[in-house]
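Trainee: I am sharing data-v8.cif, which consists of mmCIF, C-alpha atoms:
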```cif
data_start
loop_
_atom_site.label_atom_id
_atom_site.label_comp_id
_atom_site.auth_asym_id
_atom_site.auth_seq_id
_atom_site.Cartn_x
_atom_site.Cartn_y
_atom_site.Cartn_z
CA MET J 1 119.96 21.79 127.28
CA ALA J 2 121.87 24.97 126.55
CA ILE J 3 124.05 26.60 129.18
CA SER J 4 121.67 28.74 131.17
CA VAL J 5 124.01 31.49 132.47
CA ALA J 6 126.27 34.07 130.81
CA TYR J 7 130.03 33.39 130.71
CA TYR J 8 133.15 34.07 128.63
CA GLU J 9 136.62 32.57 128.17
CA MET J 10 139.51 33.97 130.20
CA ALA J 11 142.30 35.57 128.19
CA GLY J 12 145.15 33.11 127.63
CA TRP J 13 142.89 30.06 127.44
CA PRO J 14 142.13 27.44 126.21
CA ARG J 15 145.31 25.41 126.63
CA GLU J 16 145.79 22.06 124.90
CA LEU J 17 147.89 18.90 125.09
CA VAL J 18 148.28 16.47 122.20
CA PHE J 19 149.46 12.90 122.86
CA VAL J 20 150.07 10.00 120.49
CA ASP J 21 146.72 8.44 121.43
CA ALA J 22 144.79 11.23 123.14
CA PHE J 23 143.92 14.92 123.33
CA ALA J 24 143.37 17.05 126.43
CA GLY J 25 142.27 20.64 126.83
CA GLU J 26 141.67 23.12 129.61
CA ARG J 27 139.35 26.11 129.64
CA LYS J 28 138.86 28.83 132.23
CA LEU J 29 135.37 30.31 132.10
CA ILE J 30 134.38 33.55 133.82
CA CYS J 31 130.83 34.03 135.09
CA ALA J 32 128.98 35.86 137.83
CA TRP J 33 129.91 34.59 141.28
CA GLY J 34 126.36 33.47 141.98
CA ASP J 35 126.23 31.48 138.71
CA ARG J 36 129.36 29.40 139.27
CA ALA J 37 127.65 26.18 140.42
CA THR J 38 125.06 26.41 137.65
CA LEU J 39 127.75 26.87 135.01
CA ALA J 40 129.76 23.91 136.33
CA ASN J 41 126.67 21.69 136.32
CA ASP J 42 125.44 22.83 132.90
CA ILE J 43 128.77 22.22 131.19
CA LEU J 44 128.81 18.61 132.39
CA SER J 45 125.55 17.91 130.54
CA PRO J 46 125.49 16.17 127.13
CA GLY J 47 125.50 18.73 124.34
CA ASN J 48 127.44 21.22 126.47
CA ASN J 49 130.30 18.89 127.40
CA VAL J 50 132.09 18.74 124.01
CA TYR J 51 135.34 20.66 123.56
CA PRO J 52 134.40 23.47 121.15
CA TYR J 53 137.77 24.55 119.73
CA ASN J 54 138.43 21.53 117.46
CA ASN J 55 136.78 18.34 116.25
CA SER J 56 138.72 15.98 118.57
CA GLY J 57 135.51 14.84 120.26
CA ALA J 58 137.00 15.52 123.70
CA LEU J 59 134.46 15.62 126.50
CA VAL J 60 134.48 17.25 129.92
CA SER J 61 136.35 14.96 132.29
CA HIS J 62 135.93 17.07 135.43
CA VAL J 63 135.71 20.59 136.83
CA PRO J 64 138.72 20.63 139.18
CA LYS J 65 138.58 24.20 140.50
CA ILE J 66 136.27 27.16 140.98
CA ARG J 67 137.77 30.33 142.43
CA PRO J 68 137.16 34.09 142.59
CA LEU J 69 138.50 36.15 139.69
CA ALA J 70 141.77 37.74 140.79
CA GLY J 71 141.42 41.46 141.37
CA GLY J 72 137.67 41.27 141.57
CA LYS J 73 135.65 43.18 144.13
CA GLU J 74 134.91 41.37 147.39
CA THR J 75 131.77 42.11 149.38
CA GLN J 76 130.11 40.65 152.44
CA GLY J 77 128.13 37.53 151.68
CA ALA J 78 124.54 36.69 152.55
CA GLN J 79 125.69 35.62 156.01
CA ILE J 80 128.20 37.28 158.28
CA HIS J 81 131.82 36.14 157.88
CA MET J 82 131.10 34.89 154.35
CA ALA J 83 132.74 36.45 151.30
CA SER J 84 131.10 37.22 147.99
CA TYR J 85 132.66 38.29 144.70
CA GLU J 86 131.63 39.81 141.43
CA LYS J 87 133.11 37.10 139.20
CA ALA J 88 134.15 33.44 139.43
CA VAL J 89 136.63 31.44 137.34
CA VAL J 90 135.44 27.91 136.53
CA THR J 91 138.24 25.61 135.32
CA VAL J 92 137.04 22.87 132.96
CA ASN J 93 139.20 19.93 131.80
CA TYR J 94 138.48 17.96 128.62
CA SER J 95 139.86 14.63 127.40
CA THR J 96 139.33 12.07 124.67
CA LYS J 97 139.86 9.31 127.25
CA GLY J 98 137.35 8.13 129.82
CA ARG J 99 133.72 7.10 129.80
CA ILE J 100 131.31 8.62 127.33
CA VAL J 101 128.31 10.22 128.99
CA GLY J 102 124.97 10.19 127.19
CA VAL J 103 121.35 10.83 127.97
CA THR J 104 118.29 8.57 127.83
CA PRO J 105 115.06 9.61 126.09
CA GLY J 106 113.80 10.45 129.57
CA GLY J 107 116.69 12.85 130.19
CA ASP J 108 118.79 10.74 132.60
CA LEU J 109 122.59 10.96 132.38
CA ILE J 110 124.16 7.57 131.69
CA SER J 111 127.38 5.77 130.82
CA GLU J 112 127.77 2.26 129.40
CA TRP J 113 130.57 -0.25 129.08
CA MET J 114 131.06 -3.94 128.45
CA SER J 115 133.64 -6.66 129.07
CA THR J 116 133.63 -9.87 127.03
CA GLY J 117 135.00 -13.33 127.68
CA SER J 118 134.38 -16.99 127.05
CA THR J 119 133.24 -20.11 128.84
CA PHE J 120 133.82 -23.83 128.27
CA LYS J 121 131.23 -26.51 127.71
CA THR J 122 132.26 -30.17 128.00
CA LEU J 123 131.23 -32.37 125.08
CA ASP J 124 130.27 -35.97 125.81
CA ARG J 125 132.95 -37.95 124.00
CA THR J 126 130.78 -41.11 124.06
CA GLN J 127 128.53 -39.38 121.52
CA LEU J 128 131.42 -38.52 119.17
CA ALA J 129 133.58 -40.46 116.72
CA TRP J 130 136.58 -39.80 114.48
CA ALA J 131 134.58 -40.54 111.35
CA ALA J 132 130.96 -40.58 110.19
CA ASN J 133 128.95 -43.77 109.98
CA ASP J 134 130.16 -45.55 113.12
CA GLY J 135 133.74 -44.35 113.01
CA GLU J 136 136.26 -45.04 115.73
CA PRO J 137 134.91 -43.67 119.03
CA LEU J 138 136.85 -41.11 121.01
CA ARG J 139 139.01 -42.39 123.84
CA PRO J 140 139.52 -40.81 127.28
CA GLY J 141 141.40 -37.55 126.92
CA GLU J 142 140.39 -37.12 123.29
CA GLY J 143 137.86 -34.75 121.81
CA PRO J 144 137.02 -31.04 121.89
CA ASP J 145 135.55 -28.65 124.40
CA LYS J 146 133.00 -26.11 123.26
CA ILE J 147 134.07 -22.49 123.79
CA GLU J 148 131.28 -19.91 123.89
CA PRO J 149 131.17 -16.13 124.23
CA VAL J 150 129.88 -14.41 127.35
CA ALA J 151 129.81 -10.75 128.36
CA ASN J 152 129.14 -8.40 131.26
CA TYR J 153 127.27 -5.21 130.37
CA VAL J 154 127.02 -2.25 132.75
CA LEU J 155 124.55 0.64 132.51
CA LEU J 156 125.42 3.47 134.91
CA TYR J 157 122.83 6.08 135.85
CA ASN J 158 124.84 9.03 137.11
CA SER J 159 122.19 11.01 138.99
CA LEU J 160 118.70 9.66 139.67
CA PRO J 161 116.36 11.57 141.98
CA SER J 162 114.91 8.30 143.35
CA LEU J 163 115.61 4.59 143.20
CA PRO J 164 113.74 2.47 140.64
CA GLY J 165 111.86 -0.46 142.14
CA SER J 166 113.56 -2.81 139.67
CA VAL J 167 116.75 -2.83 141.77
CA LEU J 168 114.92 -5.08 144.24
CA THR J 169 112.38 -6.91 142.09
CA SER J 170 114.22 -7.69 138.85
CA PRO J 171 117.55 -9.45 139.65
CA GLY J 172 117.61 -12.89 138.02
CA THR J 173 115.16 -11.96 135.26
CA VAL J 174 115.88 -11.87 131.51
CA ASN J 175 114.70 -9.66 128.66
CA SER J 176 111.45 -10.91 127.13
CA GLU J 177 112.17 -9.00 123.89
CA ALA J 178 115.28 -7.78 122.10
CA VAL J 179 116.81 -4.73 123.81
CA SER J 180 119.38 -2.22 122.54
CA THR J 181 122.05 -0.27 124.38
CA TYR J 182 121.87 3.53 124.50
CA LEU J 183 125.47 4.29 123.50
CA LEU J 184 127.32 1.12 122.44
CA GLY J 185 125.24 0.32 119.37
CA LEU J 186 124.50 -3.28 120.44
CA THR J 187 121.27 -5.28 120.48
CA PHE J 188 120.67 -8.31 122.69
CA ALA J 189 118.29 -11.01 121.48
CA ALA J 190 115.36 -12.03 123.67
CA GLU J 191 116.29 -13.90 126.87
CA THR J 192 120.05 -13.48 126.34
CA LEU J 193 120.50 -10.66 128.90
CA MET J 194 120.09 -11.42 132.60
CA TYR J 195 119.79 -8.63 135.16
CA ALA J 196 122.36 -9.42 137.85
CA GLY J 197 121.59 -6.56 140.26
CA SER J 198 123.04 -3.13 140.97
CA ASN J 199 125.45 -1.09 143.07
CA ILE J 200 123.85 2.01 144.56
CA THR J 201 125.46 5.15 145.96
CA ARG J 202 123.62 8.12 147.40
CA SER J 203 125.18 11.56 147.18
CA LEU J 204 124.42 15.25 146.65
CA ASN J 205 124.38 16.78 143.18
CA PRO J 206 125.95 20.22 142.49
CA GLN J 207 122.66 21.91 143.47
CA GLY J 208 122.70 20.20 146.87
CA ALA J 209 119.81 17.85 146.11
CA SER J 210 119.95 14.16 146.98
CA ALA J 211 120.78 11.92 144.01
CA PHE J 212 121.49 8.24 143.43
CA GLN J 213 124.20 6.72 141.27
CA VAL J 214 122.91 3.31 140.15
CA ARG J 215 125.23 0.85 138.41
CA GLN J 216 122.96 -1.69 136.69
CA LYS J 217 124.77 -4.97 135.94
CA PHE J 218 123.77 -7.49 133.26
CA ARG J 219 125.20 -10.80 132.06
CA TYR J 220 124.94 -11.84 128.43
CA ARG J 221 124.78 -15.47 127.37
CA ALA J 222 123.65 -16.47 123.88
CA ASN J 223 123.57 -20.27 124.42
CA ALA J 224 123.57 -20.59 120.64
CA ASP J 225 123.78 -23.62 118.37
CA GLU J 226 122.98 -24.48 114.77
CA PHE J 227 119.29 -23.97 115.49
CA GLY J 228 119.62 -20.40 116.72
CA VAL J 229 120.22 -18.20 119.75
CA HIS J 230 118.38 -19.53 122.79
CA GLY J 231 119.51 -17.52 125.81
CA TRP J 232 119.43 -18.21 129.51
CA ASN J 233 116.44 -20.59 129.60
CA TYR J 234 118.14 -23.26 127.48
CA PHE J 235 120.66 -25.51 129.19
CA TRP J 236 123.57 -27.60 127.97
CA ARG J 237 122.73 -31.30 127.75
CA THR J 238 126.02 -33.15 127.66
CA LYS J 239 124.51 -36.44 126.53
CA LYS J 240 123.26 -34.83 123.30
CA ASN J 241 125.92 -32.10 123.04
CA LYS J 242 123.27 -29.43 122.50
CA TYR J 243 121.09 -26.88 124.30
CA GLU J 244 117.64 -27.94 125.41
CA GLN J 245 114.83 -26.67 127.57
CA VAL J 246 113.81 -28.35 130.80
CA PHE J 247 110.35 -29.61 131.78
CA GLU J 248 108.48 -30.46 134.93
CA ALA J 249 107.62 -34.08 135.55
CA GLY J 250 104.09 -33.38 134.35
CA GLY J 251 105.37 -32.19 130.99
CA ASP J 252 105.16 -28.41 131.32
CA ARG J 253 108.14 -26.37 130.15
CA ILE J 254 109.74 -24.20 132.83
CA LYS J 255 111.81 -21.05 132.57
CA PRO J 256 113.99 -20.62 135.68
CA PHE J 257 114.94 -17.11 134.48
CA THR J 258 111.64 -15.23 134.25
CA PRO J 259 111.33 -13.12 131.07
CA ILE J 260 110.12 -9.56 131.67
CA ALA J 261 110.00 -6.33 129.67
CA PHE J 262 113.28 -4.54 130.39
CA ASN J 263 112.81 -0.83 131.03
CA PHE J 264 116.22 -0.01 132.40
#
```
Please re-express this file's structure in structure tokens.

Mentor:
Amino acid sequence: MAISVAYYEMAGWPRELVFVDAFAGERKLICAWGDRATLANDILSPGNNVYPYNNSGALVSHVPKIRPLAGGKETQGAQIHMASYEKAVVTVNYSTKGRIVGVTPGGDLISEWMSTGSTFKTLDRTQLAWAANDGEPLRPGEGPDKIEPVANYVLLYNSLPSLPGSVLTSPGTVNSEAVSTYLLGLTFAAETLMYAGSNITRSLNPQGASAFQVRQKFRYRANADEFGVHGWNYFWRTKKNKYEQVFEAGGDRIKPFTPIAFNF
């Protein structure tokens, strides 16, 4: 979306700072007084939020100040005791640090990030030996632990007009098919991503309309072995030192983490 109001750069700006590991810039944009909120909102949107004076890739970090243009004409506002002006100065700060903001195919503003780690699985030493073909068995205190990767993935919707029903119905479910992130360039195999719930905040957007910030939280677990990536519905069987599925007494396989189509 292009910026929808007219504006121009104030003389003497932009101003820039160059660090060893970062770049920061500041612009002061002049627009009609009645367009100031629209300009501030538009310039936060993907496509408009990139610093235009170099190829640093710096994005808008925040709009810290909006004020009347010094020396501009003041008139009475729409209501008594309120001021109005001809021009406004919108200060915009840019930085190469901070979260990247993107947009979904449906037009929703999002951010993504991930933290990775590891978990331990205990191997049954009674099933292991120091050599093949009935070698010396492992003694207490001997033998390896299995270390496996895990991750927490967060998808933040910055301004939703209403809450999706999935925040209540989908916690504890896993992806029935492979899903890809919007910004990180990652793909999660089927049943490896479990929806852990969300944090929800309600606020007002720059136009004064109610909006929700929804932080969707997911947990990744591959549960992989030499036979492939299994995901959340395979469980570690210490006796066999491998992942297996579980069954009801009658013989039917069960999936404690219900697979669903993820549409987050």

Trainee: Can you list, as a VMD selection string, every protein, DNA or RNA residue that comes within 7 Å of stretch 161-172 of chain J when you count all atoms listed in the file, leaving out same-chain residues fewer than 5 positions away?

Mentor: chain J and resid 194 to 198 210 to 212 257

Trainee: Any chance you could resolve the PyMOL selection byres ((chain J and resi 258) around 9) against this file and give the residues as a list in words?

Mentor: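 This file gives the following for the PyMOL selection byres ((chain J and resi 258) around 9): Gly172, Thr173, Val174, Asn175, Ser176, Glu191, Asn233, Lys255, Pro256, Phe257, Pro259 and Ile260 of chain J.
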
Trainee: Please indicate the distance in Å from atom CA of J:Lys65 to atom CA of J:Ser111, rounded to one decimal place.

Mentor: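 Computing it gives 23.6 Å between the two atoms.
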
Trainee: If I take atom CA of J:Pro68 and atom CA of J:Asn48, how far is one from the other in Å, to one decimal?

Mentor: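 That distance, rounded to one decimal, is 22.8 Å.
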
Trainee: Write out as a list in words which residues come within 6 Å of J:Leu138 when counting all atoms listed in the file, dropping same-chain ones fewer than 3 positions away.

Mentor: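 Result of the neighbour search: Arg125, Ala129 and Glu142 of chain J.
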
Trainee: Atom CA of J:Phe235 and atom CA of J:Ala131, how far apart in Å?

Mentor: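 These two atoms are separated by 27.2 Å.
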
Trainee: I'd like to see the residues matched by the PyMOL selection byres ((chain J and resi 182) around 9) on this file, and ideally I'd get them as a PyMOL selection string.

Mentor: chain J and resi 102-104+110-112+155+180-181+183-186

Trainee: Given the selection you just returned, output its residues as a file containing C-alpha atoms, formatted as a PDB file, in the frame of the given file.

Mentor:
```
ATOM      1  CA  GLY J 102     124.970  10.190 127.190  1.00  0.00           C
ATOM      2  CA  VAL J 103     121.350  10.830 127.970  1.00  0.00           C
ATOM      3  CA  THR J 104     118.290   8.570 127.830  1.00  0.00           C
ATOM      4  CA  ILE J 110     124.160   7.570 131.690  1.00  0.00           C
ATOM      5  CA  SER J 111     127.380   5.770 130.820  1.00  0.00           C
ATOM      6  CA  GLU J 112     127.770   2.260 129.400  1.00  0.00           C
ATOM      7  CA  LEU J 155     124.550   0.640 132.510  1.00  0.00           C
ATOM      8  CA  SER J 180     119.380  -2.220 122.540  1.00  0.00           C
ATOM      9  CA  THR J 181     122.050  -0.270 124.380  1.00  0.00           C
ATOM     10  CA  LEU J 183     125.470   4.290 123.500  1.00  0.00           C
ATOM     11  CA  LEU J 184     127.320   1.120 122.440  1.00  0.00           C
ATOM     12  CA  GLY J 185     125.240   0.320 119.370  1.00  0.00           C
ATOM     13  CA  LEU J 186     124.500  -3.280 120.440  1.00  0.00           C
TER      14      LEU J 186
END
```
